[in-house]
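K.L.:
data_24.cif is reproduced below (mmCIF, C-alpha atoms).
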```cif
data_query
#
loop_
_atom_site.label_atom_id
_atom_site.label_comp_id
_atom_site.auth_asym_id
_atom_site.auth_seq_id
_atom_site.Cartn_x
_atom_site.Cartn_y
_atom_site.Cartn_z
CA MET V 297 51.11 27.09 -48.57
CA SER V 298 48.14 25.04 -49.78
CA PRO V 299 45.81 23.43 -47.22
CA THR V 300 46.38 19.78 -46.30
CA VAL V 301 44.25 17.38 -48.32
CA PRO V 302 43.36 13.93 -46.95
CA ASP V 303 45.26 11.07 -48.56
CA ALA V 304 41.95 9.38 -49.50
CA LEU V 305 38.27 10.15 -49.49
CA PRO V 306 36.43 8.74 -46.43
CA ALA V 307 34.54 6.18 -48.49
CA HIS V 308 37.83 4.94 -49.98
CA ASP V 309 39.44 4.50 -46.56
CA PRO V 310 39.66 0.71 -45.93
CA ALA V 311 38.70 1.24 -42.27
CA PHE V 312 35.67 3.43 -43.00
CA TRP V 313 32.99 0.85 -43.80
CA PRO V 314 34.04 -1.72 -41.18
CA ILE V 315 33.84 0.98 -38.49
CA ILE V 316 30.45 2.17 -39.75
CA ALA V 317 29.19 -1.45 -39.73
CA ALA V 318 30.51 -1.95 -36.18
CA ILE V 319 28.80 1.25 -34.98
CA LEU V 320 25.48 0.19 -36.54
CA LEU V 321 25.79 -3.23 -34.90
CA LEU V 322 26.47 -1.61 -31.52
CA LEU V 323 23.48 0.70 -32.02
CA ALA V 324 21.30 -2.37 -32.68
CA LEU V 325 22.62 -4.06 -29.53
CA SER V 326 21.92 -0.96 -27.46
CA ALA V 327 18.39 -0.80 -28.86
CA PHE V 328 17.97 -4.47 -27.99
CA PHE V 329 19.04 -3.91 -24.38
CA SER V 330 16.81 -0.85 -23.97
CA GLY V 331 13.76 -2.59 -25.45
CA ALA V 332 14.41 -5.71 -23.37
CA GLU V 333 14.55 -3.69 -20.15
CA THR V 334 11.26 -1.95 -20.89
CA ALA V 335 9.50 -5.11 -22.13
CA LEU V 336 10.43 -7.18 -19.07
CA GLY V 337 9.42 -4.38 -16.74
CA ALA V 338 6.09 -3.63 -18.44
CA ALA V 339 5.02 -7.20 -19.23
CA SER V 340 2.13 -8.44 -17.08
CA ARG V 341 3.00 -11.54 -15.10
CA SER V 342 -0.63 -12.71 -15.19
CA LYS V 343 -0.84 -12.36 -18.99
CA LEU V 344 2.45 -14.22 -19.43
CA ARG V 345 1.21 -16.95 -17.09
CA ALA V 346 -2.03 -17.27 -19.09
CA ARG V 347 -0.07 -17.60 -22.33
CA ALA V 348 2.33 -20.12 -20.80
CA ASP V 349 -0.59 -22.22 -19.53
CA LYS V 350 -1.91 -22.33 -23.08
CA GLY V 351 1.38 -23.81 -24.28
CA ASP V 352 3.27 -20.72 -25.46
CA PRO V 353 6.98 -21.55 -24.93
CA ARG V 354 8.05 -17.93 -25.40
CA ALA V 355 5.76 -16.78 -22.59
CA ALA V 356 7.22 -19.49 -20.33
CA GLU V 357 10.74 -18.25 -21.12
CA ALA V 358 9.68 -14.66 -20.41
CA LEU V 359 8.24 -15.73 -17.04
CA GLU V 360 11.51 -17.46 -16.19
CA ALA V 361 13.40 -14.33 -17.22
CA ARG V 362 11.25 -12.22 -14.87
CA GLU V 363 12.02 -14.61 -12.01
CA ASN V 364 15.73 -14.14 -12.76
CA SER V 365 15.31 -10.37 -13.14
CA GLU V 366 18.22 -9.45 -10.85
CA ASN V 367 20.85 -11.17 -13.02
CA LEU V 368 19.20 -10.07 -16.26
CA ASN V 369 18.98 -6.45 -15.13
CA GLY V 370 22.67 -6.53 -14.28
CA ALA V 371 23.47 -7.94 -17.71
CA ILE V 372 21.29 -5.32 -19.41
CA LEU V 373 22.93 -2.49 -17.48
CA VAL V 374 26.48 -3.67 -18.12
CA GLY V 375 25.82 -4.67 -21.74
CA ASN V 376 24.07 -1.43 -22.66
CA ASN V 377 26.83 0.71 -21.19
CA LEU V 378 29.55 -1.36 -22.84
CA VAL V 379 28.07 -1.14 -26.33
CA LYS V 380 27.45 2.61 -25.95
CA LEU V 381 31.05 3.19 -24.85
CA LEU V 382 32.38 1.10 -27.73
CA ALA V 383 30.16 2.88 -30.25
CA THR V 384 31.25 6.28 -28.93
CA SER V 385 34.93 5.28 -29.06
CA LEU V 386 34.64 4.03 -32.65
CA ALA V 387 32.76 7.15 -33.75
CA ALA V 388 35.38 9.38 -32.11
CA ALA V 389 38.23 7.44 -33.75
CA LEU V 390 36.54 7.61 -37.17
CA GLY V 391 35.90 11.34 -36.88
CA LEU V 392 39.47 11.97 -35.76
CA ARG V 393 40.84 9.91 -38.67
CA ILE V 394 38.73 11.82 -41.21
CA SER V 395 38.78 15.45 -40.08
CA GLY V 396 40.81 15.76 -36.93
CA TRP V 397 39.44 17.10 -33.65
CA GLY V 398 36.51 18.89 -35.26
CA GLY V 399 35.46 15.72 -37.01
CA MET V 400 35.70 13.77 -33.76
CA ALA V 401 33.38 16.22 -31.97
CA LEU V 402 30.88 16.13 -34.83
CA ALA V 403 30.94 12.30 -34.97
CA VAL V 404 30.31 12.01 -31.21
CA LEU V 405 27.43 14.51 -31.41
CA VAL V 406 25.78 12.64 -34.32
CA LEU V 407 26.19 9.33 -32.48
CA ALA V 408 24.63 10.78 -29.31
CA LEU V 409 21.54 11.77 -31.28
CA LEU V 410 21.37 8.34 -32.92
CA LEU V 411 21.68 6.64 -29.52
CA LEU V 412 18.92 8.78 -28.07
CA VAL V 413 16.47 8.21 -30.93
CA LEU V 414 17.33 4.74 -32.26
CA ALA V 415 18.66 3.05 -29.10
CA GLU V 416 16.45 4.59 -26.38
CA VAL V 417 13.20 6.30 -27.44
CA LEU V 418 12.26 4.07 -30.38
CA PRO V 419 12.83 0.59 -28.82
CA ARG V 420 11.26 1.59 -25.51
CA SER V 421 8.19 2.97 -27.29
CA LEU V 422 7.83 -0.21 -29.32
CA ALA V 423 8.24 -2.34 -26.18
CA ARG V 424 5.39 -0.53 -24.41
CA ILE V 425 2.98 -1.26 -27.29
CA ALA V 426 3.14 -5.06 -26.84
CA PRO V 427 5.38 -5.82 -23.83
CA GLU V 428 4.32 -9.47 -23.43
CA GLU V 429 4.98 -10.24 -27.10
CA MET V 430 8.40 -8.55 -27.07
CA ALA V 431 9.32 -10.13 -23.72
CA GLY V 432 8.67 -13.56 -25.22
CA ARG V 433 10.83 -12.77 -28.24
CA ILE V 434 13.83 -11.38 -26.38
CA ALA V 435 13.87 -13.74 -23.39
CA ARG V 436 16.04 -16.45 -25.00
CA PRO V 437 18.68 -14.22 -26.68
CA LEU V 438 18.82 -12.07 -23.55
CA GLY V 439 19.50 -15.18 -21.48
CA VAL V 440 22.40 -16.09 -23.80
CA LEU V 441 23.88 -12.59 -23.54
CA ALA V 442 23.43 -12.68 -19.75
CA ARG V 443 25.49 -15.87 -19.56
CA ILE V 444 28.18 -14.35 -21.77
CA LEU V 445 28.34 -11.19 -19.66
CA ALA V 446 28.10 -13.03 -16.34
CA PRO V 447 31.83 -12.69 -15.50
CA VAL V 448 31.76 -8.96 -16.26
CA VAL V 449 28.59 -8.46 -14.20
CA TRP V 450 30.07 -10.41 -11.29
CA THR V 451 33.26 -8.32 -11.43
CA VAL V 452 31.33 -5.04 -11.50
CA ARG V 453 29.22 -6.13 -8.50
CA LEU V 454 32.32 -7.13 -6.58
CA ILE V 455 33.92 -3.74 -7.20
CA ALA V 456 30.72 -1.93 -6.18
CA ARG V 457 30.53 -3.90 -2.92
CA GLY V 458 34.17 -3.12 -2.22
CA LEU V 459 33.54 0.60 -2.68
CA LEU V 460 30.44 0.52 -0.46
CA ALA V 461 32.01 -1.57 2.32
CA PRO V 462 34.03 1.31 3.91
CA LEU V 463 30.77 3.27 4.17
CA GLY V 464 29.15 0.49 6.17
CA ILE V 465 26.71 -0.38 3.36
CA ARG V 466 26.16 -4.01 2.43
CA ALA V 467 24.77 -4.54 -1.06
CA GLY V 468 23.45 -7.62 -2.71
CA GLY V 469 22.04 -9.52 0.27
CA THR V 470 19.05 -7.43 1.20
CA GLY V 471 16.69 -8.65 -1.51
CA PRO V 472 14.58 -6.47 -3.75
CA VAL V 473 14.24 -2.84 -2.80
CA PHE V 474 10.53 -2.64 -3.70
CA SER V 475 7.94 -5.25 -2.74
CA VAL V 476 5.16 -6.45 -5.00
CA GLN V 477 2.79 -4.25 -3.01
CA ASP V 478 4.94 -1.20 -3.75
CA GLU V 479 4.95 -2.00 -7.46
CA ILE V 480 1.18 -2.41 -7.52
CA ALA V 481 0.69 0.80 -5.52
CA ASP V 482 2.87 2.73 -7.97
CA ALA V 483 1.00 1.24 -10.94
CA LEU V 484 -2.35 2.17 -9.41
CA ALA V 485 -1.16 5.72 -8.72
CA VAL V 486 -0.07 6.11 -12.34
CA ALA V 487 -3.33 4.58 -13.60
CA GLN V 488 -5.39 6.93 -11.41
CA SER V 489 -3.48 10.01 -12.58
CA SER V 490 -4.08 9.01 -16.19
CA GLY V 491 -7.77 8.37 -15.59
CA ALA V 492 -7.61 4.62 -16.30
CA VAL V 493 -8.53 3.80 -12.68
CA GLN V 494 -11.02 5.70 -10.53
CA LYS V 495 -10.19 6.75 -6.97
CA GLU V 496 -12.80 4.35 -5.52
CA GLU V 497 -11.28 1.43 -7.43
CA ARG V 498 -7.79 2.36 -6.29
CA ASP V 499 -8.94 2.62 -2.65
CA LEU V 500 -10.57 -0.79 -2.93
CA LEU V 501 -7.45 -2.47 -4.25
CA MET V 502 -5.10 -0.67 -1.88
CA GLY V 503 -7.34 -1.55 1.06
CA ALA V 504 -7.00 -5.24 0.23
CA LEU V 505 -3.23 -4.96 -0.26
CA ASP V 506 -2.68 -3.15 3.04
CA LEU V 507 -4.43 -5.73 5.25
CA GLY V 508 -1.19 -7.59 5.91
CA GLU V 509 0.58 -4.39 6.90
CA ARG V 510 -1.97 -3.32 9.53
CA SER V 511 -2.98 -4.78 12.90
CA VAL V 512 -6.32 -5.10 14.66
CA GLU V 513 -5.21 -2.39 17.09
CA GLU V 514 -5.47 0.19 14.33
CA ILE V 515 -9.15 -0.36 13.52
CA MET V 516 -10.64 -1.88 16.70
CA LEU V 517 -13.45 -0.21 18.62
CA HIS V 518 -11.91 1.15 21.82
CA ARG V 519 -13.16 -0.39 25.05
CA SER V 520 -14.60 2.95 26.20
CA ASN V 521 -17.10 2.77 23.32
CA ILE V 522 -18.11 -0.88 23.72
CA GLU V 523 -21.69 -1.59 24.72
CA MET V 524 -21.56 -4.28 27.43
CA ILE V 525 -24.03 -6.15 29.62
CA ASP V 526 -23.63 -6.74 33.35
CA ALA V 527 -24.18 -10.43 34.14
CA GLY V 528 -25.94 -9.41 37.34
CA LEU V 529 -28.83 -7.72 35.53
CA SER V 530 -32.23 -9.35 35.33
CA ALA V 531 -33.40 -11.03 32.15
CA ASP V 532 -35.90 -8.20 31.55
CA ALA V 533 -33.13 -5.58 31.77
CA VAL V 534 -30.84 -7.59 29.49
CA LEU V 535 -33.64 -8.03 26.97
CA ASP V 536 -34.30 -4.28 26.96
CA LEU V 537 -30.60 -3.49 26.44
CA VAL V 538 -30.29 -5.95 23.55
CA LEU V 539 -33.43 -4.68 21.81
CA LYS V 540 -32.33 -1.04 22.12
CA SER V 541 -28.80 -1.73 20.87
CA PRO V 542 -28.03 -1.51 17.14
CA HIS V 543 -25.57 -4.41 17.59
CA THR V 544 -26.43 -8.11 17.39
CA ARG V 545 -23.57 -9.24 19.66
CA LEU V 546 -22.84 -7.78 23.09
CA PRO V 547 -20.13 -8.83 25.57
CA VAL V 548 -21.19 -9.85 29.09
CA TYR V 549 -19.00 -8.96 32.06
CA ARG V 550 -19.14 -9.90 35.73
CA GLY V 551 -18.03 -7.45 38.39
CA GLU V 552 -15.78 -5.19 36.27
CA ARG V 553 -15.73 -4.54 32.54
CA GLU V 554 -12.32 -6.17 32.18
CA ASN V 555 -13.82 -9.51 33.29
CA VAL V 556 -15.68 -10.55 30.13
CA VAL V 557 -17.34 -13.94 30.67
CA GLY V 558 -19.35 -14.34 27.48
CA VAL V 559 -20.92 -12.83 24.38
CA ILE V 560 -24.69 -12.68 23.83
CA HIS V 561 -26.13 -12.91 20.34
CA ALA V 562 -29.57 -11.26 20.00
CA LYS V 563 -31.03 -14.26 18.19
CA ASP V 564 -29.76 -16.70 20.83
CA LEU V 565 -31.24 -14.51 23.56
CA LEU V 566 -34.65 -14.33 21.88
CA ARG V 567 -34.68 -18.08 21.28
CA GLY V 568 -33.72 -18.75 24.89
CA VAL V 569 -36.37 -16.39 26.28
CA ARG V 570 -39.06 -17.87 24.04
CA ARG V 571 -38.14 -21.42 25.05
CA ALA V 572 -38.18 -20.49 28.75
CA MET V 573 -41.60 -18.83 28.47
CA GLN V 574 -43.03 -21.78 26.55
CA GLU V 575 -41.83 -24.19 29.22
CA GLY V 576 -42.52 -22.15 32.38
CA GLY V 577 -44.72 -19.26 31.37
CA PRO V 578 -44.03 -15.57 32.05
CA GLU V 579 -42.73 -16.33 35.56
CA ALA V 580 -39.86 -18.32 34.07
CA LEU V 581 -38.33 -15.10 32.73
CA ARG V 582 -37.44 -13.97 36.27
CA GLY V 583 -35.15 -16.92 36.84
CA PHE V 584 -33.75 -16.99 33.33
CA ASP V 585 -29.94 -17.32 33.33
CA VAL V 586 -28.52 -15.02 30.68
CA LEU V 587 -25.15 -16.76 30.68
CA SER V 588 -26.81 -20.04 29.71
CA ILE V 589 -27.20 -18.79 26.15
CA ALA V 590 -23.96 -16.75 26.00
CA MET V 591 -21.14 -17.84 23.72
CA PRO V 592 -17.61 -18.13 25.17
CA PRO V 593 -15.57 -14.96 24.50
CA TYR V 594 -12.97 -15.07 21.75
CA PHE V 595 -9.84 -13.05 22.52
CA VAL V 596 -7.16 -11.96 20.03
CA PRO V 597 -3.86 -10.07 20.53
CA ASP V 598 -3.84 -6.42 19.49
CA THR V 599 -0.83 -7.05 17.21
CA THR V 600 -2.60 -9.59 14.97
CA PRO V 601 -2.40 -8.58 11.26
CA LEU V 602 -5.77 -7.89 9.68
CA ASP V 603 -5.39 -10.46 6.92
CA GLU V 604 -4.64 -13.21 9.45
CA GLN V 605 -7.56 -12.13 11.62
CA MET V 606 -9.95 -12.21 8.66
CA GLN V 607 -8.82 -15.75 7.83
CA GLU V 608 -9.26 -16.73 11.47
CA PHE V 609 -12.80 -15.32 11.48
CA MET V 610 -13.64 -17.37 8.41
CA LYS V 611 -12.07 -20.51 9.86
CA ARG V 612 -13.94 -20.16 13.17
CA ARG V 613 -17.14 -19.07 11.41
CA THR V 614 -17.49 -16.12 13.77
CA HIS V 615 -17.58 -12.36 13.24
CA PHE V 616 -16.68 -11.00 16.67
CA ALA V 617 -13.51 -10.92 18.78
CA LEU V 618 -12.32 -9.07 21.87
CA VAL V 619 -8.88 -7.47 21.62
CA VAL V 620 -6.38 -7.74 24.50
CA ASP V 621 -2.86 -6.44 25.01
CA GLU V 622 0.25 -8.37 26.05
CA TYR V 623 -0.89 -8.28 29.69
CA GLY V 624 -4.31 -9.71 28.89
CA SER V 625 -6.13 -6.44 29.54
CA LEU V 626 -9.13 -5.63 27.39
CA ARG V 627 -8.37 -3.00 24.76
CA GLY V 628 -11.35 -3.15 22.44
CA LEU V 629 -13.25 -5.33 20.01
CA ILE V 630 -13.09 -6.06 16.31
CA THR V 631 -15.58 -7.60 13.90
CA LEU V 632 -15.36 -9.06 10.44
CA GLU V 633 -17.32 -6.05 9.22
CA ASP V 634 -14.58 -3.73 10.53
CA ILE V 635 -12.01 -5.54 8.41
CA LEU V 636 -14.22 -5.57 5.32
CA GLU V 637 -14.77 -1.82 5.72
CA GLU V 638 -11.03 -1.33 5.33
CA ILE V 639 -11.45 -2.71 1.81
CA VAL V 640 -14.87 -1.57 0.58
CA GLY V 641 -15.42 1.48 2.79
CA GLU V 642 -18.16 2.22 5.33
CA ILE V 643 -20.91 -0.41 5.56
CA THR V 644 -24.20 0.77 7.09
CA ASP V 645 -27.68 -0.65 7.41
CA GLU V 646 -31.08 0.48 8.65
CA HIS V 647 -30.15 -0.26 12.27
CA ASP V 648 -26.95 1.79 12.36
CA THR V 649 -27.46 4.87 14.51
CA ASP V 650 -23.92 6.18 14.08
CA ALA V 651 -23.75 6.09 10.34
CA ALA V 652 -20.76 7.56 8.63
CA ARG V 653 -21.03 11.30 8.38
CA THR V 654 -20.59 12.73 4.92
CA LEU V 655 -17.57 15.00 4.82
CA VAL V 656 -18.79 18.17 3.14
CA PRO V 657 -16.73 21.38 3.35
CA ASN V 658 -18.27 24.69 4.35
CA ALA V 659 -17.71 27.96 2.50
CA GLN V 660 -14.23 28.28 4.03
CA GLY V 661 -13.24 24.76 2.95
CA GLU V 662 -13.43 23.40 6.51
CA TYR V 663 -14.60 19.91 7.44
CA LEU V 664 -16.35 18.86 10.66
CA VAL V 665 -14.69 15.64 11.81
CA ASP V 666 -15.41 13.31 14.71
CA GLY V 667 -12.39 12.93 16.98
CA ALA V 668 -12.71 9.14 16.90
CA MET V 669 -12.49 9.03 13.11
CA THR V 670 -9.40 7.18 11.97
CA ILE V 671 -6.72 9.07 10.08
CA ARG V 672 -6.79 6.41 7.38
CA ASP V 673 -10.51 6.91 6.77
CA LEU V 674 -10.06 10.69 6.62
CA ASN V 675 -7.15 10.41 4.18
CA ARG V 676 -9.10 7.94 2.09
CA ALA V 677 -12.22 10.08 1.94
CA LEU V 678 -10.51 13.38 1.13
CA ASP V 679 -7.29 12.19 -0.52
CA TRP V 680 -5.23 13.80 2.25
CA THR V 681 -1.81 12.71 3.49
CA LEU V 682 -2.00 13.02 7.27
CA PRO V 683 0.51 10.64 8.92
CA ASP V 684 -0.84 7.69 10.91
CA ASP V 685 2.43 6.38 12.34
CA GLU V 686 2.01 7.83 15.84
CA ALA V 687 -1.79 7.80 16.18
CA ASN V 688 -4.78 5.97 14.71
CA THR V 689 -7.45 8.64 15.17
CA VAL V 690 -7.64 12.33 14.32
CA ALA V 691 -7.96 13.21 18.01
CA GLY V 692 -4.91 11.08 18.78
CA LEU V 693 -2.89 12.91 16.13
CA VAL V 694 -3.78 16.31 17.59
CA ILE V 695 -2.90 15.16 21.12
CA HIS V 696 0.39 13.69 19.90
CA MET V 697 1.42 16.81 18.02
CA ALA V 698 0.26 19.20 20.76
CA GLN V 699 1.92 17.06 23.47
CA SER V 700 -1.12 17.78 25.65
CA ILE V 701 -4.90 17.36 25.74
CA PRO V 702 -6.21 20.56 24.12
CA SER V 703 -9.24 22.42 25.34
CA ALA V 704 -12.20 23.40 23.20
CA GLY V 705 -11.37 26.43 21.08
CA GLN V 706 -7.64 25.77 20.69
CA VAL V 707 -6.27 25.85 17.16
CA PHE V 708 -3.19 24.07 15.81
CA SER V 709 -1.44 24.01 12.46
CA PHE V 710 0.77 21.11 11.43
CA HIS V 711 1.40 18.81 8.47
CA GLY V 712 -0.17 21.42 6.18
CA TYR V 713 -3.58 21.44 7.90
CA ARG V 714 -5.37 23.61 10.44
CA PHE V 715 -7.07 21.81 13.36
CA GLU V 716 -9.60 23.53 15.61
CA VAL V 717 -10.85 21.67 18.67
CA LEU V 718 -14.63 22.21 18.89
CA SER V 719 -15.58 20.00 21.82
CA ARG V 720 -13.96 17.83 24.44
CA ARG V 721 -15.51 15.31 26.82
CA GLU V 722 -13.33 14.59 29.86
CA ASN V 723 -9.96 13.63 28.33
CA ARG V 724 -11.28 12.92 24.85
CA ILE V 725 -11.46 15.26 21.87
CA THR V 726 -14.88 14.59 20.38
CA ARG V 727 -15.21 17.12 17.55
CA LEU V 728 -12.79 19.06 15.33
CA ARG V 729 -12.86 21.44 12.40
CA ILE V 730 -10.09 20.82 9.86
CA ARG V 731 -9.02 22.48 6.64
CA PRO V 732 -5.89 22.41 4.47
CA LEU V 733 -3.48 25.31 4.77
CA GLU V 734 -2.33 27.39 1.85
CA LEU V 735 1.03 27.79 3.62
CA PRO V 736 3.76 25.10 3.56
CA PRO V 737 3.24 22.47 6.27
CA ALA V 738 4.86 23.20 9.59
CA SER V 739 7.09 20.60 11.23
CA GLU V 740 5.87 21.36 14.74
CA PRO V 741 2.44 22.33 16.07
CA ALA V 742 1.98 26.06 16.25
CA PRO V 743 -0.99 27.11 18.39
CA ASP V 744 -2.78 30.12 17.00
CA GLN V 745 -4.28 30.91 20.35
#
```
Just dump the structure as structure tokens.
P.N.:
Amino acid sequence: MSPTVPDALPAHDPAFWPIIAAILLLLALSAFFSGAETALGAASRSKLRARADKGDPRAAEALEARENSENLNGAILVGNNLVKLLATSLAAALGLRISGWGGMALAVLVLALLLLVLAEVLPRSLARIAPEEMAGRIARPLGVLARILAPVVWTVRLIARGLLAPLGIRAGGTGPVFSVQDEIADALAVAQSSGAVQKEERDLLMGALDLGERSVEEIMLHRSNIEMIDAGLSADAVLDLVLKSPHTRLPVYRGERENVVGVIHAKDLLRGVRRAMQEGGPEALRGFDVLSIAMPPYFVPDTTPLDEQMQEFMKRRTHFALVVDEYGSLRGLITLEDILEEIVGEITDEHDTDAARTLVPNAQGEYLVDGAMTIRDLNRALDWTLPDDEANTVAGLVIHMAQSIPSAGQVFSFHGYRFEVLSRRENRITRLRIRPLELPPASEPAPDQ
């Protein structure tokens, strides 16, 4: 029995060329959706805004499309999947019509390769070359397609919400998953890994972005470390304290340190002393009232975000504030310089006696760290990933993880690092030796001794 011969050659089949044309059209649509998704995601909002301000209507349309990204992304997702399914179905039907099941498998395989190369890799690569230009070109036709697919997108979302509802998950009303800060942080991380951005530049930008997420409590100088002046001291004693201090502003308390009644500026004190001596001679210094030249104290809550506090400093034209808790108790102090250091790093001058210590490892890769050093500063300096959710300082982290106040000589290992307590003063850890572990990080502190 002779093998079965097709009734007509594929090219002579009246359905052959229309199906091929439909598949090519669907491939083009899929490439359009893929390129549009990449172009809108990679286009710089600032560059589009600059073009729109110069009168470029395409850039203005692209900006509007980015503002309506949720609906457009839904249309892109639904449209791209629909055209791929249709193209696959047509290719399978054509292969089955020509050569049976073997032809169908071969047609689907060839189409999959075409979709990967022509509808995914190629358009996305082209979109990354000039994303702003492509975003301007595709914004209007994409908007038309989004309106056409709007009923389908709405139906798909409704079905998805119905499937998620029994699980207690509400979708659609929570807003964007990632904030602008998250997007910028991811972009900076990618740029640093590729060498386009240096670590110092990334730290600078991230420091500015994080100000709104952090409070004054996290960076304030604790009250135990504040240099203060007793209002009951003589003018000579106050003058000596101010001249010996590296700080230009010192709080003045009466009775107990919690009762801050003013803040002395070194320049105001020197002007006041000079004026008193000019008017009454050297004897006038004995009766000089220190509080007469003191500024009223400025108190801020410990929960104030850093960006708001910096704006408040600038508005008040002052650089110094005392931090209090919800009960009005003194917790510490914060200066404008402290906030700026969160952006630009440590700022020191010739009068700073406690300048930032350079973190240099010894032969074993260990670092000597002050217990009062903040975890953020340590992570920033060494590119580490120690958590700062439960504590602000390195000493606080060790105490939190150990659930006790360790003694000098104790060693702990957690979060992938080894901590050795070198010195302790009363209830404070003052000095530690830290190094990364080669072993996987432990979830709980494990004392070595």
K.L.:
One decimal, in Å: what's the spacing between CA of Asn555 in chain V and CA of Gly583 in chain V?
P.N.:
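Atom-to-atom, CA of Asn555 in chain V and CA of Gly583 in chain V are spaced 22.9 Å apart.
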K.L.:
In terms of the shortest atom-to-atom distance over all atoms listed in the file, which of V:Gly375, V:Gly628, V:Pro593, V:Pro601 is closest to Val448 in chain V?
P.N.:
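Distance minimum relative to Val448 in chain V lands on V:Gly375.
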K.L.:
Skipping near chain neighbours, those fewer than 6 positions away, what residues fall within 8 Å of range 517-520 of chain V using all atoms listed in the file, listed as a PDB file with C-alpha atoms, keeping the file's coordinate frame?
P.N.:
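Below you can see out_35.pdb, which holds the result:
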```pdb
ATOM      1  CA  LEU V 626      -9.130  -5.630  27.390  1.00  0.00           C
ATOM      2  CA  ARG V 627      -8.370  -3.000  24.760  1.00  0.00           C
ATOM      3  CA  GLY V 628     -11.350  -3.150  22.440  1.00  0.00           C
ATOM      4  CA  LEU V 629     -13.250  -5.330  20.010  1.00  0.00           C
ATOM      5  CA  ILE V 630     -13.090  -6.060  16.310  1.00  0.00           C
TER       6      ILE V 630
END
```
K.L.:
Hey, can you check how far CA of Val707 in chain V sits from CA of Asp673 in chain V?
P.N.:
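Pair CA of Val707 in chain V / CA of Asp673 in chain V returns 22.0 Å.
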K.L.:
With the file shown as input, list the residues that the PyMOL selection byres ((chain V and resi 527) around 6) selects, as a ChimeraX atom specification.
P.N.:
/V:526,528-529,548-550
K.L.:
Can you pull out every residue within 6 Å of range 718-726 of chain V, counting all atoms listed in the file, but drop anything in the same chain fewer than 2 positions away, and send it as a list of chain:residue names?
P.N.:
V:Asp666, V:Gly667, V:Ala691, V:Ala704, V:Gly705, V:Leu728
K.L.:
On this structure, the PyMOL selection byres ((chain V and resi 499) around 10) would catch which residues? List them as a PDB file with C-alpha atoms, in the coordinates of the input, sorted by chain and number.
P.N.:
```pdb
ATOM      1  CA  LEU V 484      -2.350   2.170  -9.410  1.00  0.00           C
ATOM      2  CA  GLN V 494     -11.020   5.700 -10.530  1.00  0.00           C
ATOM      3  CA  LYS V 495     -10.190   6.750  -6.970  1.00  0.00           C
ATOM      4  CA  GLU V 496     -12.800   4.350  -5.520  1.00  0.00           C
ATOM      5  CA  GLU V 497     -11.280   1.430  -7.430  1.00  0.00           C
ATOM      6  CA  ARG V 498      -7.790   2.360  -6.290  1.00  0.00           C
ATOM      7  CA  LEU V 500     -10.570  -0.790  -2.930  1.00  0.00           C
ATOM      8  CA  LEU V 501      -7.450  -2.470  -4.250  1.00  0.00           C
ATOM      9  CA  MET V 502      -5.100  -0.670  -1.880  1.00  0.00           C
ATOM     10  CA  GLY V 503      -7.340  -1.550   1.060  1.00  0.00           C
ATOM     11  CA  ALA V 504      -7.000  -5.240   0.230  1.00  0.00           C
ATOM     12  CA  LEU V 505      -3.230  -4.960  -0.260  1.00  0.00           C
ATOM     13  CA  GLU V 638     -11.030  -1.330   5.330  1.00  0.00           C
ATOM     14  CA  ILE V 639     -11.450  -2.710   1.810  1.00  0.00           C
ATOM     15  CA  VAL V 640     -14.870  -1.570   0.580  1.00  0.00           C
ATOM     16  CA  GLY V 641     -15.420   1.480   2.790  1.00  0.00           C
ATOM     17  CA  ARG V 676      -9.100   7.940   2.090  1.00  0.00           C
ATOM     18  CA  ALA V 677     -12.220  10.080   1.940  1.00  0.00           C
ATOM     19  CA  ASP V 679      -7.290  12.190  -0.520  1.00  0.00           C
TER      20      ASP V 679
END
```
K.L.:
Assuming the chain letters and numbering stay as they are in my file, what does the PyMOL selection byres ((chain V and resi 432-447) around 10) actually select? List them as a ChimeraX atom specification.
P.N.:
/V:328-329,331-333,335-336,339,344,352-362,364,367-372,374-375,427-431,448-453
K.L.:
Compare V:Thr384, V:Ser530, V:Ser541, V:Asn376 by their minimum atom-to-atom distance to Val406 in chain V, counting only C-alpha atoms, and give me the closest one.
P.N.:
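Comparing V:Thr384, V:Ser530, V:Ser541, V:Asn376 against Val406 in chain V, the winner is V:Thr384.
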K.L.:
Rounded to one decimal place, report the CA of Ala383 in chain V-CA of Ser421 in chain V distance in Å.
P.N.:
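Distance between the two atoms: 22.2 Å.
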K.L.:
Would you tabulate, counting all atoms listed in the file, all residues of range 338-430 of chain V that have an atom at most 10 Å from an atom of range 315-321 of chain V, showing the closest pair of atoms and their distance in Å to one decimal, sorted by chain then ascending number, as a Markdown table?
P.N.:
```
| residue | atom | partner | partner_atom | distance |
| --- | --- | --- | --- | --- |
| V:Val379 | CA | V:Ile319 | CA | 9.0 |
| V:Lys380 | CA | V:Ile319 | CA | 9.2 |
| V:Leu382 | CA | V:Ile319 | CA | 8.1 |
| V:Ala383 | CA | V:Ile319 | CA | 5.2 |
| V:Thr384 | CA | V:Ile319 | CA | 8.2 |
| V:Ser385 | CA | V:Ile319 | CA | 9.4 |
| V:Leu386 | CA | V:Ile315 | CA | 6.6 |
| V:Ala387 | CA | V:Ile319 | CA | 7.2 |
| V:Ala389 | CA | V:Ile315 | CA | 9.1 |
| V:Leu390 | CA | V:Ile315 | CA | 7.3 |
| V:Leu407 | CA | V:Ile319 | CA | 8.9 |
| V:Leu410 | CA | V:Leu320 | CA | 9.8 |
```
K.L.:
Taking all atoms listed in the file into account, name the residue in V:Val557, V:Leu565, V:Met516, V:Val717 that is nearest to Val538 in chain V.
P.N.:
V:Leu565
